[in-house]
>>> print(open('run33.pdb').read())   # PDB, C-alpha atoms
MODEL        1
ATOM      1  CA  MET Q   1     -43.409  64.307 -53.260  1.00  0.00           C
ATOM      2  CA  SER Q   2     -42.754  64.397 -57.009  1.00  0.00           C
ATOM      3  CA  ARG Q   3     -39.671  65.584 -58.858  1.00  0.00           C
ATOM      4  CA  GLU Q   4     -40.300  66.964 -62.333  1.00  0.00           C
ATOM      5  CA  THR Q   5     -37.616  66.621 -65.000  1.00  0.00           C
ATOM      6  CA  SER Q   6     -37.204  68.099 -68.477  1.00  0.00           C
ATOM      7  CA  SER Q   7     -37.618  64.644 -70.046  1.00  0.00           C
ATOM      8  CA  PRO Q   8     -40.592  62.232 -69.916  1.00  0.00           C
ATOM      9  CA  ILE Q   9     -39.049  60.805 -66.732  1.00  0.00           C
ATOM     10  CA  ARG Q  10     -41.108  61.417 -63.612  1.00  0.00           C
ATOM     11  CA  GLY Q  11     -39.709  60.892 -60.154  1.00  0.00           C
ATOM     12  CA  ASP Q  12     -41.615  60.352 -56.912  1.00  0.00           C
ATOM     13  CA  PHE Q  13     -40.340  59.870 -53.389  1.00  0.00           C
ATOM     14  CA  ILE Q  14     -42.238  57.066 -51.680  1.00  0.00           C
ATOM     15  CA  ASP Q  15     -42.304  55.809 -48.087  1.00  0.00           C
ATOM     16  CA  TYR Q  16     -42.217  52.096 -47.320  1.00  0.00           C
ATOM     17  CA  PRO Q  17     -41.788  50.155 -44.074  1.00  0.00           C
ATOM     18  CA  ASP Q  18     -39.284  47.687 -42.713  1.00  0.00           C
ATOM     19  CA  GLY Q  19     -40.911  46.782 -39.431  1.00  0.00           C
ATOM     20  CA  ALA Q  20     -40.894  49.946 -37.316  1.00  0.00           C
ATOM     21  CA  THR Q  21     -38.443  51.715 -39.625  1.00  0.00           C
ATOM     22  CA  ILE Q  22     -39.784  53.947 -42.382  1.00  0.00           C
ATOM     23  CA  CYS Q  23     -37.653  54.162 -45.511  1.00  0.00           C
ATOM     24  CA  GLU Q  24     -37.964  56.756 -48.263  1.00  0.00           C
ATOM     25  CA  GLY Q  25     -37.263  55.412 -51.731  1.00  0.00           C
ATOM     26  CA  TYR Q  26     -37.347  57.150 -55.086  1.00  0.00           C
ATOM     27  CA  VAL Q  27     -39.320  55.816 -58.051  1.00  0.00           C
ATOM     28  CA  ALA Q  28     -38.338  57.039 -61.519  1.00  0.00           C
ATOM     29  CA  GLN Q  29     -40.233  56.056 -64.646  1.00  0.00           C
ATOM     30  CA  ASP Q  30     -41.179  57.232 -68.108  1.00  0.00           C
ATOM     31  CA  GLY Q  31     -44.504  58.953 -67.591  1.00  0.00           C
ATOM     32  CA  THR Q  32     -45.560  58.277 -71.181  1.00  0.00           C
ATOM     33  CA  GLN Q  33     -45.563  54.498 -70.684  1.00  0.00           C
ATOM     34  CA  ALA Q  34     -48.537  52.601 -69.321  1.00  0.00           C
ATOM     35  CA  GLY Q  35     -48.982  49.198 -67.735  1.00  0.00           C
ATOM     36  CA  ARG Q  36     -46.648  47.120 -65.602  1.00  0.00           C
ATOM     37  CA  ARG Q  37     -43.016  47.104 -66.672  1.00  0.00           C
ATOM     38  CA  PRO Q  38     -39.736  45.509 -65.611  1.00  0.00           C
ATOM     39  CA  CYS Q  39     -38.271  47.087 -62.498  1.00  0.00           C
ATOM     40  CA  VAL Q  40     -34.673  47.788 -61.548  1.00  0.00           C
ATOM     41  CA  LEU Q  41     -34.039  48.258 -57.845  1.00  0.00           C
ATOM     42  CA  LEU Q  42     -31.140  50.645 -57.264  1.00  0.00           C
ATOM     43  CA  ALA Q  43     -29.001  50.231 -54.147  1.00  0.00           C
ATOM     44  CA  HIS Q  44     -27.083  53.327 -53.091  1.00  0.00           C
ATOM     45  CA  ALA Q  45     -23.443  53.797 -52.134  1.00  0.00           C
ATOM     46  CA  TRP Q  46     -22.378  54.439 -48.536  1.00  0.00           C
ATOM     47  CA  ASP Q  47     -23.624  58.042 -48.493  1.00  0.00           C
ATOM     48  CA  GLY Q  48     -27.276  57.041 -48.922  1.00  0.00           C
ATOM     49  CA  LEU Q  49     -29.961  57.973 -51.421  1.00  0.00           C
ATOM     50  CA  ASN Q  50     -28.471  61.293 -52.481  1.00  0.00           C
ATOM     51  CA  ALA Q  51     -28.453  63.277 -55.732  1.00  0.00           C
ATOM     52  CA  PRO Q  52     -26.042  60.979 -57.652  1.00  0.00           C
ATOM     53  CA  MET Q  53     -28.304  57.969 -57.053  1.00  0.00           C
ATOM     54  CA  VAL Q  54     -31.398  59.973 -58.011  1.00  0.00           C
ATOM     55  CA  ALA Q  55     -29.660  60.833 -61.294  1.00  0.00           C
ATOM     56  CA  THR Q  56     -28.736  57.182 -61.836  1.00  0.00           C
ATOM     57  CA  ALA Q  57     -32.341  56.143 -61.139  1.00  0.00           C
ATOM     58  CA  GLU Q  58     -33.525  58.540 -63.834  1.00  0.00           C
ATOM     59  CA  ALA Q  59     -30.911  57.201 -66.259  1.00  0.00           C
ATOM     60  CA  LEU Q  60     -32.158  53.664 -65.654  1.00  0.00           C
ATOM     61  CA  ALA Q  61     -35.732  54.837 -66.157  1.00  0.00           C
ATOM     62  CA  GLY Q  62     -34.561  56.305 -69.466  1.00  0.00           C
ATOM     63  CA  LEU Q  63     -33.770  52.739 -70.574  1.00  0.00           C
ATOM     64  CA  GLY Q  64     -37.459  51.886 -70.245  1.00  0.00           C
ATOM     65  CA  TYR Q  65     -37.486  50.409 -66.749  1.00  0.00           C
ATOM     66  CA  VAL Q  66     -39.264  51.476 -63.613  1.00  0.00           C
ATOM     67  CA  CYS Q  67     -36.395  52.265 -61.252  1.00  0.00           C
ATOM     68  CA  PHE Q  68     -37.092  51.896 -57.535  1.00  0.00           C
ATOM     69  CA  ALA Q  69     -34.138  53.444 -55.692  1.00  0.00           C
ATOM     70  CA  LEU Q  70     -33.882  51.825 -52.278  1.00  0.00           C
ATOM     71  CA  ASP Q  71     -33.284  53.558 -48.972  1.00  0.00           C
ATOM     72  CA  VAL Q  72     -31.240  51.201 -46.821  1.00  0.00           C
ATOM     73  CA  TYR Q  73     -30.555  53.653 -43.989  1.00  0.00           C
ATOM     74  CA  GLY Q  74     -34.085  54.931 -43.315  1.00  0.00           C
ATOM     75  CA  LYS Q  75     -35.966  58.129 -44.036  1.00  0.00           C
ATOM     76  CA  GLY Q  76     -33.924  61.253 -43.431  1.00  0.00           C
ATOM     77  CA  VAL Q  77     -30.676  59.375 -42.790  1.00  0.00           C
ATOM     78  CA  ARG Q  78     -28.162  60.585 -45.369  1.00  0.00           C
ATOM     79  CA  GLY Q  79     -24.425  61.096 -45.422  1.00  0.00           C
ATOM     80  CA  GLY Q  80     -22.292  63.462 -47.437  1.00  0.00           C
ATOM     81  CA  VAL Q  81     -21.256  62.480 -50.949  1.00  0.00           C
ATOM     82  CA  ALA Q  82     -17.612  63.358 -50.229  1.00  0.00           C
ATOM     83  CA  ASP Q  83     -17.595  62.379 -46.525  1.00  0.00           C
ATOM     84  CA  ASP Q  84     -16.521  59.302 -44.589  1.00  0.00           C
ATOM     85  CA  ASN Q  85     -19.875  57.565 -44.121  1.00  0.00           C
ATOM     86  CA  SER Q  86     -18.590  54.510 -42.281  1.00  0.00           C
ATOM     87  CA  ARG Q  87     -20.872  55.191 -39.312  1.00  0.00           C
ATOM     88  CA  LEU Q  88     -23.947  54.842 -41.534  1.00  0.00           C
ATOM     89  CA  MET Q  89     -22.799  51.695 -43.290  1.00  0.00           C
ATOM     90  CA  ARG Q  90     -21.243  49.937 -40.271  1.00  0.00           C
ATOM     91  CA  PRO Q  91     -24.441  48.627 -38.602  1.00  0.00           C
ATOM     92  CA  PHE Q  92     -25.417  46.840 -41.808  1.00  0.00           C
ATOM     93  CA  MET Q  93     -21.953  45.456 -42.417  1.00  0.00           C
ATOM     94  CA  GLU Q  94     -21.888  44.113 -38.864  1.00  0.00           C
ATOM     95  CA  ASP Q  95     -25.406  42.652 -39.085  1.00  0.00           C
ATOM     96  CA  ARG Q  96     -25.909  41.255 -42.558  1.00  0.00           C
ATOM     97  CA  GLY Q  97     -29.196  39.725 -41.430  1.00  0.00           C
ATOM     98  CA  LEU Q  98     -30.489  43.236 -40.791  1.00  0.00           C
ATOM     99  CA  LEU Q  99     -29.240  44.291 -44.205  1.00  0.00           C
ATOM    100  CA  ARG Q 100     -30.992  41.346 -45.830  1.00  0.00           C
ATOM    101  CA  ARG Q 101     -34.285  42.195 -44.148  1.00  0.00           C
ATOM    102  CA  ARG Q 102     -34.026  45.832 -45.198  1.00  0.00           C
ATOM    103  CA  LEU Q 103     -33.335  44.819 -48.817  1.00  0.00           C
ATOM    104  CA  VAL Q 104     -36.209  42.342 -48.917  1.00  0.00           C
ATOM    105  CA  ALA Q 105     -38.524  45.057 -47.561  1.00  0.00           C
ATOM    106  CA  GLY Q 106     -37.522  47.253 -50.492  1.00  0.00           C
ATOM    107  CA  LEU Q 107     -38.073  44.455 -52.978  1.00  0.00           C
ATOM    108  CA  GLU Q 108     -41.534  43.807 -51.563  1.00  0.00           C
ATOM    109  CA  ALA Q 109     -42.391  47.513 -51.720  1.00  0.00           C
ATOM    110  CA  ALA Q 110     -41.321  47.661 -55.358  1.00  0.00           C
ATOM    111  CA  ALA Q 111     -43.365  44.575 -56.203  1.00  0.00           C
ATOM    112  CA  ARG Q 112     -46.456  46.318 -54.818  1.00  0.00           C
ATOM    113  CA  HIS Q 113     -45.992  49.419 -56.969  1.00  0.00           C
ATOM    114  CA  PRO Q 114     -48.732  49.685 -59.634  1.00  0.00           C
ATOM    115  CA  SER Q 115     -46.221  50.280 -62.457  1.00  0.00           C
ATOM    116  CA  VAL Q 116     -44.032  47.264 -61.632  1.00  0.00           C
ATOM    117  CA  ASP Q 117     -44.270  43.762 -63.029  1.00  0.00           C
ATOM    118  CA  PRO Q 118     -43.505  41.773 -59.851  1.00  0.00           C
ATOM    119  CA  GLU Q 119     -42.214  38.847 -61.916  1.00  0.00           C
ATOM    120  CA  ARG Q 120     -39.515  40.956 -63.594  1.00  0.00           C
ATOM    121  CA  ILE Q 121     -37.347  42.654 -60.979  1.00  0.00           C
ATOM    122  CA  ALA Q 122     -33.562  43.051 -60.883  1.00  0.00           C
ATOM    123  CA  ILE Q 123     -31.237  44.957 -58.578  1.00  0.00           C
ATOM    124  CA  VAL Q 124     -28.274  47.166 -59.472  1.00  0.00           C
ATOM    125  CA  GLY Q 125     -25.936  48.586 -56.835  1.00  0.00           C
ATOM    126  CA  TYR Q 126     -22.817  50.722 -56.507  1.00  0.00           C
ATOM    127  CA  CYS Q 127     -20.036  50.303 -53.898  1.00  0.00           C
ATOM    128  CA  PHE Q 128     -21.924  49.440 -50.674  1.00  0.00           C
ATOM    129  CA  GLY Q 129     -24.923  49.062 -52.968  1.00  0.00           C
ATOM    130  CA  GLY Q 130     -22.985  46.474 -54.970  1.00  0.00           C
ATOM    131  CA  LEU Q 131     -22.743  44.403 -51.798  1.00  0.00           C
ATOM    132  CA  CYS Q 132     -26.484  44.987 -51.304  1.00  0.00           C
ATOM    133  CA  ALA Q 133     -27.203  43.672 -54.806  1.00  0.00           C
ATOM    134  CA  LEU Q 134     -25.217  40.508 -54.137  1.00  0.00           C
ATOM    135  CA  ASP Q 135     -26.791  40.014 -50.704  1.00  0.00           C
ATOM    136  CA  LEU Q 136     -30.303  40.279 -52.106  1.00  0.00           C
ATOM    137  CA  ALA Q 137     -29.414  37.668 -54.727  1.00  0.00           C
ATOM    138  CA  ARG Q 138     -27.884  35.508 -51.982  1.00  0.00           C
ATOM    139  CA  SER Q 139     -31.154  35.722 -50.024  1.00  0.00           C
ATOM    140  CA  GLY Q 140     -33.073  33.764 -52.664  1.00  0.00           C
ATOM    141  CA  ALA Q 141     -35.844  36.374 -52.514  1.00  0.00           C
ATOM    142  CA  PRO Q 142     -38.807  35.368 -54.704  1.00  0.00           C
ATOM    143  CA  GLY Q 143     -39.284  37.456 -57.822  1.00  0.00           C
ATOM    144  CA  LEU Q 144     -35.682  38.672 -58.086  1.00  0.00           C
ATOM    145  CA  LYS Q 145     -34.397  37.796 -61.540  1.00  0.00           C
ATOM    146  CA  ALA Q 146     -30.920  39.306 -61.493  1.00  0.00           C
ATOM    147  CA  ALA Q 147     -28.319  41.308 -59.584  1.00  0.00           C
ATOM    148  CA  VAL Q 148     -25.616  43.656 -60.879  1.00  0.00           C
ATOM    149  CA  SER Q 149     -22.758  44.834 -58.656  1.00  0.00           C
ATOM    150  CA  PHE Q 150     -20.667  47.854 -59.702  1.00  0.00           C
ATOM    151  CA  HIS Q 151     -17.335  47.952 -57.803  1.00  0.00           C
ATOM    152  CA  GLY Q 152     -19.026  46.311 -54.833  1.00  0.00           C
ATOM    153  CA  VAL Q 153     -17.668  44.654 -51.709  1.00  0.00           C
ATOM    154  CA  LEU Q 154     -17.719  40.913 -52.349  1.00  0.00           C
ATOM    155  CA  THR Q 155     -17.464  39.317 -48.900  1.00  0.00           C
ATOM    156  CA  PRO Q 156     -20.233  36.782 -48.119  1.00  0.00           C
ATOM    157  CA  PRO Q 157     -22.791  37.562 -45.393  1.00  0.00           C
ATOM    158  CA  GLY Q 158     -22.015  34.624 -43.143  1.00  0.00           C
ATOM    159  CA  LEU Q 159     -25.673  33.579 -43.157  1.00  0.00           C
ATOM    160  CA  GLU Q 160     -27.134  30.193 -44.005  1.00  0.00           C
ATOM    161  CA  PRO Q 161     -26.534  29.785 -47.757  1.00  0.00           C
ATOM    162  CA  VAL Q 162     -29.497  29.554 -50.114  1.00  0.00           C
ATOM    163  CA  ARG Q 163     -29.021  27.001 -52.875  1.00  0.00           C
ATOM    164  CA  PRO Q 164     -29.559  27.072 -55.713  1.00  0.00           C
ATOM    165  CA  LEU Q 165     -29.440  30.806 -56.373  1.00  0.00           C
ATOM    166  CA  HIS Q 166     -32.004  31.564 -59.057  1.00  0.00           C
ATOM    167  CA  ALA Q 167     -31.083  35.228 -59.630  1.00  0.00           C
ATOM    168  CA  LYS Q 168     -28.510  35.728 -62.371  1.00  0.00           C
ATOM    169  CA  VAL Q 169     -25.465  37.696 -61.260  1.00  0.00           C
ATOM    170  CA  LEU Q 170     -23.181  40.177 -63.027  1.00  0.00           C
ATOM    171  CA  ILE Q 171     -20.171  41.529 -61.123  1.00  0.00           C
ATOM    172  CA  LEU Q 172     -18.459  44.601 -62.623  1.00  0.00           C
ATOM    173  CA  HIS Q 173     -15.123  44.856 -60.851  1.00  0.00           C
ATOM    174  CA  GLY Q 174     -12.091  47.131 -60.991  1.00  0.00           C
ATOM    175  CA  TRP Q 175      -9.009  44.930 -60.839  1.00  0.00           C
ATOM    176  CA  GLU Q 176      -7.122  47.504 -58.734  1.00  0.00           C
ATOM    177  CA  ASP Q 177      -9.995  47.921 -56.238  1.00  0.00           C
ATOM    178  CA  PRO Q 178      -8.507  47.627 -52.730  1.00  0.00           C
ATOM    179  CA  THR Q 179     -11.931  46.899 -51.191  1.00  0.00           C
ATOM    180  CA  ALA Q 180     -12.216  43.705 -53.246  1.00  0.00           C
ATOM    181  CA  PRO Q 181      -8.800  42.041 -53.497  1.00  0.00           C
ATOM    182  CA  SER Q 182      -8.160  39.109 -55.813  1.00  0.00           C
ATOM    183  CA  SER Q 183      -8.720  36.669 -52.934  1.00  0.00           C
ATOM    184  CA  ASP Q 184     -12.276  37.994 -52.555  1.00  0.00           C
ATOM    185  CA  VAL Q 185     -12.829  37.775 -56.302  1.00  0.00           C
ATOM    186  CA  LEU Q 186     -11.829  34.103 -56.323  1.00  0.00           C
ATOM    187  CA  ALA Q 187     -13.922  33.446 -53.214  1.00  0.00           C
ATOM    188  CA  VAL Q 188     -17.103  34.932 -54.682  1.00  0.00           C
ATOM    189  CA  ALA Q 189     -16.538  32.969 -57.892  1.00  0.00           C
ATOM    190  CA  ARG Q 190     -16.369  29.758 -55.859  1.00  0.00           C
ATOM    191  CA  GLU Q 191     -19.379  30.793 -53.781  1.00  0.00           C
ATOM    192  CA  LEU Q 192     -21.597  31.484 -56.786  1.00  0.00           C
ATOM    193  CA  THR Q 193     -20.447  28.354 -58.586  1.00  0.00           C
ATOM    194  CA  GLU Q 194     -21.202  26.169 -55.564  1.00  0.00           C
ATOM    195  CA  ALA Q 195     -24.600  27.857 -55.251  1.00  0.00           C
ATOM    196  CA  GLY Q 196     -25.463  26.852 -58.827  1.00  0.00           C
ATOM    197  CA  ALA Q 197     -25.860  30.477 -59.925  1.00  0.00           C
ATOM    198  CA  ASP Q 198     -25.727  31.758 -63.498  1.00  0.00           C
ATOM    199  CA  TRP Q 199     -22.954  34.310 -62.980  1.00  0.00           C
ATOM    200  CA  GLN Q 200     -20.552  36.562 -64.864  1.00  0.00           C
ATOM    201  CA  LEU Q 201     -17.590  38.617 -63.682  1.00  0.00           C
ATOM    202  CA  HIS Q 202     -16.091  41.447 -65.750  1.00  0.00           C
ATOM    203  CA  ALA Q 203     -12.741  42.644 -64.391  1.00  0.00           C
ATOM    204  CA  HIS Q 204     -11.627  46.023 -65.712  1.00  0.00           C
ATOM    205  CA  GLY Q 205      -7.852  46.399 -65.857  1.00  0.00           C
ATOM    206  CA  HIS Q 206      -6.283  49.406 -64.079  1.00  0.00           C
ATOM    207  CA  ALA Q 207      -9.682  50.426 -62.635  1.00  0.00           C
ATOM    208  CA  MET Q 208      -9.899  51.226 -58.923  1.00  0.00           C
ATOM    209  CA  HIS Q 209     -12.815  51.458 -56.519  1.00  0.00           C
ATOM    210  CA  ALA Q 210     -15.736  53.722 -57.498  1.00  0.00           C
ATOM    211  CA  PHE Q 211     -14.568  53.798 -61.113  1.00  0.00           C
ATOM    212  CA  THR Q 212     -17.991  54.993 -62.332  1.00  0.00           C
ATOM    213  CA  PHE Q 213     -18.043  58.261 -60.320  1.00  0.00           C
ATOM    214  CA  PRO Q 214     -17.014  61.249 -62.515  1.00  0.00           C
ATOM    215  CA  GLY Q 215     -14.504  63.644 -61.008  1.00  0.00           C
ATOM    216  CA  LEU Q 216     -13.244  61.231 -58.358  1.00  0.00           C
ATOM    217  CA  HIS Q 217      -9.451  61.446 -58.106  1.00  0.00           C
ATOM    218  CA  ARG Q 218      -7.959  59.920 -54.972  1.00  0.00           C
ATOM    219  CA  PRO Q 219      -5.663  57.210 -56.317  1.00  0.00           C
ATOM    220  CA  GLU Q 220      -3.668  57.160 -53.068  1.00  0.00           C
ATOM    221  CA  ALA Q 221      -6.843  55.792 -51.442  1.00  0.00           C
ATOM    222  CA  GLY Q 222      -7.679  53.440 -54.316  1.00  0.00           C
ATOM    223  CA  LEU Q 223     -10.490  55.712 -55.544  1.00  0.00           C
ATOM    224  CA  GLN Q 224     -10.405  56.830 -59.164  1.00  0.00           C
ATOM    225  CA  TYR Q 225     -12.849  57.562 -61.960  1.00  0.00           C
ATOM    226  CA  HIS Q 226     -12.067  55.429 -65.030  1.00  0.00           C
ATOM    227  CA  PRO Q 227     -14.068  56.642 -68.066  1.00  0.00           C
ATOM    228  CA  ALA Q 228     -13.505  53.554 -70.211  1.00  0.00           C
ATOM    229  CA  ALA Q 229     -14.441  51.149 -67.412  1.00  0.00           C
ATOM    230  CA  ALA Q 230     -17.495  53.269 -66.593  1.00  0.00           C
ATOM    231  CA  ARG Q 231     -18.660  53.234 -70.211  1.00  0.00           C
ATOM    232  CA  ARG Q 232     -17.985  49.543 -70.759  1.00  0.00           C
ATOM    233  CA  SER Q 233     -19.598  48.458 -67.487  1.00  0.00           C
ATOM    234  CA  TRP Q 234     -22.778  50.446 -68.203  1.00  0.00           C
ATOM    235  CA  ALA Q 235     -22.990  48.807 -71.648  1.00  0.00           C
ATOM    236  CA  ALA Q 236     -22.495  45.378 -70.058  1.00  0.00           C
ATOM    237  CA  MET Q 237     -25.261  46.071 -67.551  1.00  0.00           C
ATOM    238  CA  ARG Q 238     -27.646  47.174 -70.312  1.00  0.00           C
ATOM    239  CA  ALA Q 239     -27.060  44.013 -72.340  1.00  0.00           C
ATOM    240  CA  PHE Q 240     -27.385  41.835 -69.242  1.00  0.00           C
ATOM    241  CA  LEU Q 241     -30.702  43.379 -68.163  1.00  0.00           C
ATOM    242  CA  GLU Q 242     -32.111  43.159 -71.680  1.00  0.00           C
ATOM    243  CA  GLU Q 243     -31.275  39.451 -71.762  1.00  0.00           C
ATOM    244  CA  VAL Q 244     -32.690  38.803 -68.298  1.00  0.00           C
ATOM    245  CA  PHE Q 245     -35.975  40.598 -68.877  1.00  0.00           C
ATOM    246  CA  ALA Q 246     -36.373  38.970 -72.290  1.00  0.00           C
ATOM    247  CA  GLY Q 247     -36.299  35.613 -70.534  1.00  0.00           C
ATOM    248  CA  GLY Q 248     -32.778  34.634 -71.547  1.00  0.00           C
TER     249      GLY Q 248
ENDMDL
END
>>> encode(input="run33.pdb", output="structure tokens")
Amino acid sequence: MSRETSSPIRGDFIDYPDGATICEGYVAQDGTQAGRRPCVLLAHAWDGLNAPMVATAEALAGLGYVCFALDVYGKGVRGGVADDNSRLMRPFMEDRGLLRRRLVAGLEAAARHPSVDPERIAIVGYCFGGLCALDLARSGAPGLKAAVSFHGVLTPPGLEPVRPLHAKVLILHGWEDPTAPSSDVLAVARELTEAGADWQLHAHGHAMHAFTFPGLHRPEAGLQYHPAAARRSWAAMRAFLEEVFAGG
């Protein structure tokens, strides 16, 4: 199924398998461009591949990339944008091997897409998706050039470490994020250093969890939109991806 937009961006929902599970991703790209192009995988937050992630996929496609928005939960499994979606996320948090397999299946599906250059793929993720981005980098999956985590959970998967990590890593973190305390920030810095990764960490002062989501205002729960951090982190991601895909 296709989704038409008012811009040159074309969006198509696409099924892909992970074993017996069928996932439904969303591919956004500039329909005026031809040939194989760099691809950005997009990993969704805990509510699943809903409208905000579709909009983000189209924004990434507007930067000139093919965006392949992943479906971690499986076709038809979606939560509510404003709901507690712990029940959807929990199985993957409790079995990080399952999460890794699901992410690799998405990477392989993207690499098969006729518009994607399989040698130039990165992943970007938000919240739970930020953890997904880091876990795919941690997997050492062939063809993955880079990973970007926006206000993601930072805890390691507890799986056999892959060293060295060849994917470059950018972590965009809100310093007041209760889901990623300073102890986790220091731990992931040590982890990536010991893995030989090329990594960066941008900590945004006074920013809480989910600082990129407009309209979010639940500071008592550590959830707050921060316009400056959102703007600066998007700019940092753009520069990072341009460098990565240019071979830097």
>>> residues_around(input="run33.pdb", residues="Q:Gly140", least_positions_apart="4", cutoff="9 Å", atoms="only C-alpha atoms", output="JSON, numbers by chain")
{"Q": [136, 144, 162, 163, 164, 165, 166, 167]}
>>> resolve_selection(input="run33.pdb", expression="the PyMOL selection byres ((chain Q and resi 68) around 8)", output="PyMOL selection string")
chain Q and resi 25-28+39-42+57+66-67+69-70+110
>>> resolve_selection(input="run33.pdb", expression="the PyMOL selection byres ((chain Q and resi 241) around 10)", output="list in words")
Pro38, Val40, Tyr65, Ile121, Ala122, Ile123, Val124, Lys145, Ala146, Ala147, Val148, Lys168, Leu170, Ala236, Met237, Arg238, Ala239, Phe240, Glu242, Glu243, Val244, Phe245, Ala246, Gly247 and Gly248 of chain Q
>>> write_last_selection(input="run33.pdb", atoms="C-alpha atoms", output="PDB file, keeping the file's coordinate frame")
ATOM      1  CA  PRO Q  38     -39.736  45.509 -65.611  1.00  0.00           C
ATOM      2  CA  VAL Q  40     -34.673  47.788 -61.548  1.00  0.00           C
ATOM      3  CA  TYR Q  65     -37.486  50.409 -66.749  1.00  0.00           C
ATOM      4  CA  ILE Q 121     -37.347  42.654 -60.979  1.00  0.00           C
ATOM      5  CA  ALA Q 122     -33.562  43.051 -60.883  1.00  0.00           C
ATOM      6  CA  ILE Q 123     -31.237  44.957 -58.578  1.00  0.00           C
ATOM      7  CA  VAL Q 124     -28.274  47.166 -59.472  1.00  0.00           C
ATOM      8  CA  LYS Q 145     -34.397  37.796 -61.540  1.00  0.00           C
ATOM      9  CA  ALA Q 146     -30.920  39.306 -61.493  1.00  0.00           C
ATOM     10  CA  ALA Q 147     -28.319  41.308 -59.584  1.00  0.00           C
ATOM     11  CA  VAL Q 148     -25.616  43.656 -60.879  1.00  0.00           C
ATOM     12  CA  LYS Q 168     -28.510  35.728 -62.371  1.00  0.00           C
ATOM     13  CA  LEU Q 170     -23.181  40.177 -63.027  1.00  0.00           C
ATOM     14  CA  ALA Q 236     -22.495  45.378 -70.058  1.00  0.00           C
ATOM     15  CA  MET Q 237     -25.261  46.071 -67.551  1.00  0.00           C
ATOM     16  CA  ARG Q 238     -27.646  47.174 -70.312  1.00  0.00           C
ATOM     17  CA  ALA Q 239     -27.060  44.013 -72.340  1.00  0.00           C
ATOM     18  CA  PHE Q 240     -27.385  41.835 -69.242  1.00  0.00           C
ATOM     19  CA  GLU Q 242     -32.111  43.159 -71.680  1.00  0.00           C
ATOM     20  CA  GLU Q 243     -31.275  39.451 -71.762  1.00  0.00           C
ATOM     21  CA  VAL Q 244     -32.690  38.803 -68.298  1.00  0.00           C
ATOM     22  CA  PHE Q 245     -35.975  40.598 -68.877  1.00  0.00           C
ATOM     23  CA  ALA Q 246     -36.373  38.970 -72.290  1.00  0.00           C
ATOM     24  CA  GLY Q 247     -36.299  35.613 -70.534  1.00  0.00           C
ATOM     25  CA  GLY Q 248     -32.778  34.634 -71.547  1.00  0.00           C
TER      26      GLY Q 248
END
>>> residues_around(input="run33.pdb", residues="stretch 44-49 of chain Q", least_positions_apart="5", cutoff="6 Å", atoms="all atoms listed in the file", output="list in words")
Arg78, Gly79, Gly80, Val81, Asn85, Met89, Tyr126, Cys127, Phe128 and Gly129 of chain Q
>>> closest_residue(input="run33.pdb", among="Q:Gly152, Q:Gly205, Q:Pro52, Q:Gly196", to="Q:Gly125", atoms="only C-alpha atoms")
Q:Gly152
>>> closest_residue(input="run33.pdb", among="Q:Asp18, Q:Cys23, Q:Leu99, Q:Glu108", to="Q:Gly76", atoms="only C-alpha atoms")
Q:Cys23
>>> resolve_selection(input="run33.pdb", expression="the PyMOL selection byres ((chain Q and resi 15) around 8)", output="list in words")
Phe13, Ile14, Tyr16, Pro17, Ile22, Cys23, Glu24, Gly25 and Lys75 of chain Q
>>> atom_distance(input="run33.pdb", atom1="atom CA of Q:Ala235", atom2="atom CA of Q:Asp83")
29.1 Å
>>> closest_residue(input="run33.pdb", among="Q:Gly97, Q:Gly19, Q:Pro178, Q:Gly64", to="Q:Glu160", atoms="only C-alpha atoms")
Q:Gly97
>>> closest_residue(input="run33.pdb", among="Q:Val77, Q:Ala43, Q:Leu201, Q:Met53", to="Q:Gly106", atoms="only C-alpha atoms")
Q:Ala43
>>> closest_residue(input="run33.pdb", among="Q:Cys132, Q:Ser7, Q:Val116, Q:Arg36", to="Q:Arg101", atoms="only C-alpha atoms")
Q:Cys132
>>> closest_residue(input="run33.pdb", among="Q:His173, Q:Arg120, Q:Arg138, Q:Arg90", to="Q:Val104", atoms="all atoms listed in the file")
Q:Arg138
>>> atom_distance(input="run33.pdb", atom1="atom CA of Q:Gly62", atom2="atom CA of Q:His226")
22.9 Å
>>> atom_distance(input="run33.pdb", atom1="atom CA of Q:Trp234", atom2="atom CA of Q:Gln200")
14.5 Å
>>> decode(input="run33.pdb", residues="stretch 101-107 of chain Q", atoms="N, CA and C atoms", output="mmCIF file, in the first residue's frame")
data_model
loop_
_atom_site.group_PDB
_atom_site.id
_atom_site.type_symbol
_atom_site.label_atom_id
_atom_site.label_comp_id
_atom_site.auth_asym_id
_atom_site.auth_seq_id
_atom_site.Cartn_x
_atom_site.Cartn_y
_atom_site.Cartn_z
ATOM 1 N N ARG Q 101 17.686 -10.210 16.631
ATOM 2 C CA ARG Q 101 17.265 -10.928 15.419
ATOM 3 C C ARG Q 101 16.235 -10.133 14.628
ATOM 4 N N ARG Q 102 15.300 -9.512 15.325
ATOM 5 C CA ARG Q 102 14.271 -8.728 14.647
ATOM 6 C C ARG Q 102 14.893 -7.530 13.920
ATOM 7 N N LEU Q 103 15.883 -6.894 14.547
ATOM 8 C CA LEU Q 103 16.549 -5.745 13.933
ATOM 9 C C LEU Q 103 17.377 -6.160 12.720
ATOM 10 N N VAL Q 104 18.074 -7.268 12.829
ATOM 11 C CA VAL Q 104 18.871 -7.754 11.702
ATOM 12 C C VAL Q 104 17.965 -8.117 10.532
ATOM 13 N N ALA Q 105 16.783 -8.679 10.828
ATOM 14 C CA ALA Q 105 15.832 -9.002 9.757
ATOM 15 C C ALA Q 105 15.414 -7.733 9.011
ATOM 16 N N GLY Q 106 15.219 -6.646 9.748
ATOM 17 C CA GLY Q 106 14.876 -5.386 9.103
ATOM 18 C C GLY Q 106 16.009 -4.833 8.269
ATOM 19 N N LEU Q 107 17.222 -4.933 8.786
ATOM 20 C CA LEU Q 107 18.389 -4.489 8.023
ATOM 21 C C LEU Q 107 18.514 -5.281 6.727
#
